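Reviewing the structure listed below.
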Amino acid sequence: MSKKGAISYADEYLRLGYTPREEELLCAFKVTPREDVPLDEAAAAVAAESSTGTWTDVDSEVAERLKARVYKIDGDMVYVAYQPGLFEISSMPNILSSVAGNVFGMKAVEGLRLEDIRFPKEVVDAFPGPYYGLPGVRERMGVQGRAMTGSTIKPKIGLTTEEHAQVCYETWMGGADTVKDDENLGSQDFNNFYDRMARTLELLHKAEAETGETKGYWANLTAATVDEMAKRAECIKENGGIFAMVDYVTVGYTGVASLRQITEKLGLVIHAHRAMHAAFDRIPYHGIEYRVIAKTSRLIGVDHIHTGTGVGKLEGGPDDMRERIALLRDKVTKPFRGVLFEQDWHNIKPVAPVASGGLHPGHVPALHSIFGIDAYYAFGGGIHGHPGGSRAGGRAVRAAVEAVAQGITLKQAAKESRELREALDLWAEVKF
């Protein structure tokens with residue numbers, strides 16, 4: 001212990017060589033210390049601020065027992081072990097308020113990035129995970145042997161209720177399995193949620209009757225309060241819908257956890273849109289890596305979530321996608337490339353990854369190589385920008401997805417599908 005009022009965090013929280021126990025929660029931080037702060041002192045400050053520390057000397061027997069430990073420093077990577085008793089283990093807000101709370105604002109660091117979390121079994125078991133998960137969603141949709149397909153209705157904002165519903169109908173009739181609202185379509189004056197949801201589901205049932213296939217509509221019920229989201233979820237159920245979409249990050253962990261309880265009672269599937277994620281996961285030296293979002297979303301219990309594509313308009317290459325897919329689908333996520341910890345998911349069901357962002361039919365072979373068939377491929381402009389319109393765009397996507405699943409090239413498939421041929425003439429197949 002240093003002299004009163006002049007705490008050295010390294011004295012208290014640095015325990016290099018310590019071997020973490022299975023029941024401890026582990027975090028890996030990328031630490032960029034301030035120029036005049038040694039790395040080990042900055043690392044210890046992170047452990048202190050995220051567990052029991054304060055800037056001065058305050059004694060507590062319980063606090064002493066719950067101290068976090070910096071057990072390894074490897075380059076700029078700092079590994080911290082946390083006692084499970086430090087957390088309210090069934091509360092993701094509480095866990096993240098500790099390990100990803102005030103630490104980002106400390107003067108000791110120029111940059112700090114939470115790269116990964118390893119959740120111990122006690123914490124994993126405290127969360128429900130997905131109600132349906134990937135297998136349950138496939139069963140509800142009745143789609144086997146190929147990737148499931150989706151479409152984000154475009155333009156993303158500006159269609160009236162009737163226009164929106166009609167574009168959905170055309171897309172389903174073209175062969176898409178599901179359609180979705182975009183993240184910023186809520187209940188605006190030009191397109192009220194309740195009117196849009198009811199009319200769109202009315203045309204969904206019409207498309208199902210005409211095609212003999214199950215169709216899905218991911219209605220964005222994101223709202224200002226949990227009570228309003230619950231009301232919207234109940235109306236989806238009453239109108240025969242099976243999907244509820246939520247803007248996962250902006251609603252927050254408590255909002256999504258509450259929605260998870262509501263949708264289980266109603267038998268609805270949760271689609272999580274990751275809007276706002278890049279505000280804190282894109283900067284390489286500060287914030288939170290996407291793998292943390294993937295892990296927390298799986299624990300809280302969404303059934304599918306956007307991951308990026310590896311080939312479209314959003315950040316992240318093929319290897320980034322493979323890592324995210326493993327975190328969402330594997331029973332045990334093994335360390336590889338950037339995955340820093342092995343994560344055993346125990347009884348938590350797998351989540352369906354959703355590839356979405358600047359896709360068109362020419363991307364399908366690349367998507368198949370990255371995601372396989374246990375995923376959604378979601379197309380916006382790549383369906384609605386087709387020269388023949390949304391129905392033709394849906395047909396082009398369906399032809400591409402079915403062909404690739406059967407080992408047929410797009411060039412071969414285009415000989416049998418005029419719509420796919422027209423799509424490839426416009427966009428071409430993407431090689432990577």
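Ligands are numbered from 1 in the order shown, chains are lettered A, B, ... in the order of the structure tokens, and residues start at 1 in each chain.
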- Write out as a PyMOL selection string all residues of stretch 171-368 of chain A that backbone DSSP assigns to strand (DSSP E or B). chain A and resi 178-180+188+191+216-220+243-247+269-273+287-288+304-306+332-333+343-344+352-356
Taking only residues of stretch 36-133 of chain A that have an atom at most 9 Å from an atom of stretch 284-291 of chain A, what is each one's shortest atom pair and its distance in Å to one decimal, using only C-alpha atoms, in chain and number order, as a Markdown table?
```
| residue | atom | partner | partner_atom | distance |
| --- | --- | --- | --- | --- |
| A:Ala100 | CA | A:Ile288 | CA | 8.1 |
| A:Phe104 | CA | A:Gly287 | CA | 7.4 |
| A:Glu110 | CA | A:His286 | CA | 8.5 |
| A:Gly111 | CA | A:His286 | CA | 4.9 |
| A:Leu112 | CA | A:His286 | CA | 4.6 |
| A:Arg113 | CA | A:His286 | CA | 4.3 |
| A:Leu114 | CA | A:Ile288 | CA | 4.7 |
| A:Glu115 | CA | A:Glu289 | CA | 5.1 |
| A:Asp116 | CA | A:Arg291 | CA | 6.5 |
| A:Ile117 | CA | A:Arg291 | CA | 8.5 |
```
- Task: Write out as a PyMOL selection string which residues come within 8 Å of A:Ala219 when counting only C-alpha atoms, dropping same-chain ones fewer than 4 positions away.
- Result: chain A and resi 180-181+197+236+243-245
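The closest residue to A:His346, picked from A:Ala257, A:Ala209, A:Ile325, A:Val124 and counting only C-alpha atoms, is A:Val124.
With atom CA of A:Ala81 on one side and atom CA of A:Val37 on the other, the separation reads 22.0 Å.
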- One residue among A:Ser91, A:Gln412, A:Asn192, A:Ser151 is nearest to A:Gly357 when using only C-alpha atoms, and that residue is A:Ser151
- Within 6 Å of stretch 389-400 of chain A using only C-alpha atoms, minus same-chain residues under 3 positions, as JSON, numbers by chain: {"A": [170, 171, 174, 175, 176, 361, 383, 384, 386, 403, 419, 420]}
- Using only C-alpha atoms, which residue out of A:Asp177, A:Val103, A:Asp189, A:Leu328 lies closest to A:Gly158? A:Asp189
- Item | Shell of 8 Å around A:His363, only C-alpha atoms, local chain residues under 2 positions omitted, as a list in words | Val311, Gly312, Leu359, His360, Pro361, Pro365, Ala366, Leu367, Glu429 and Val430 of chain A
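Atom to atom, atom CA of A:Asn220 and atom CA of A:Val246 stand 5.7 Å apart.
Taking only C-alpha atoms into account, A:Lys349 lies nearest to A:Gly133 out of the set A:Gly308, A:Gly133, A:Gly362, A:Gly150.
You will find atom CA of A:Asp247 at 6.0 Å from atom CA of A:Thr222.
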- Query: Which neighbours of A:Ala10 fall inside 12 Å, counting only C-alpha atoms, when residues of the same chain fewer than 2 positions from it are skipped, and could you give them as an NGL selection string?
  - Reply: :A and (1-2 or 6-8 or 12-16 or 37-48 or 53 or 68-71)
Hey, could you make a per-residue contact list for stretch 129-165 of chain A against stretch 202-208 of chain A with 12 Å as the cut-off, showing the nearest pair of atoms and its distance in Å to one decimal, counting only C-alpha atoms, sorted by chain and number, as CSV?
```
residue,atom,partner,partner_atom,distance
A:Met141,CA,A:Glu208,CA,11.3
A:Thr161,CA,A:Leu203,CA,11.9
A:Glu162,CA,A:Leu203,CA,10.2
A:Glu163,CA,A:Leu203,CA,11.7
A:His164,CA,A:Leu203,CA,10.6
A:Ala165,CA,A:Leu203,CA,6.9
```
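Comparing A:Lys237, A:Arg260, A:Arg140, A:Lys331 by their smallest distance to A:Ile348, the closest is A:Lys331 (using only C-alpha atoms).
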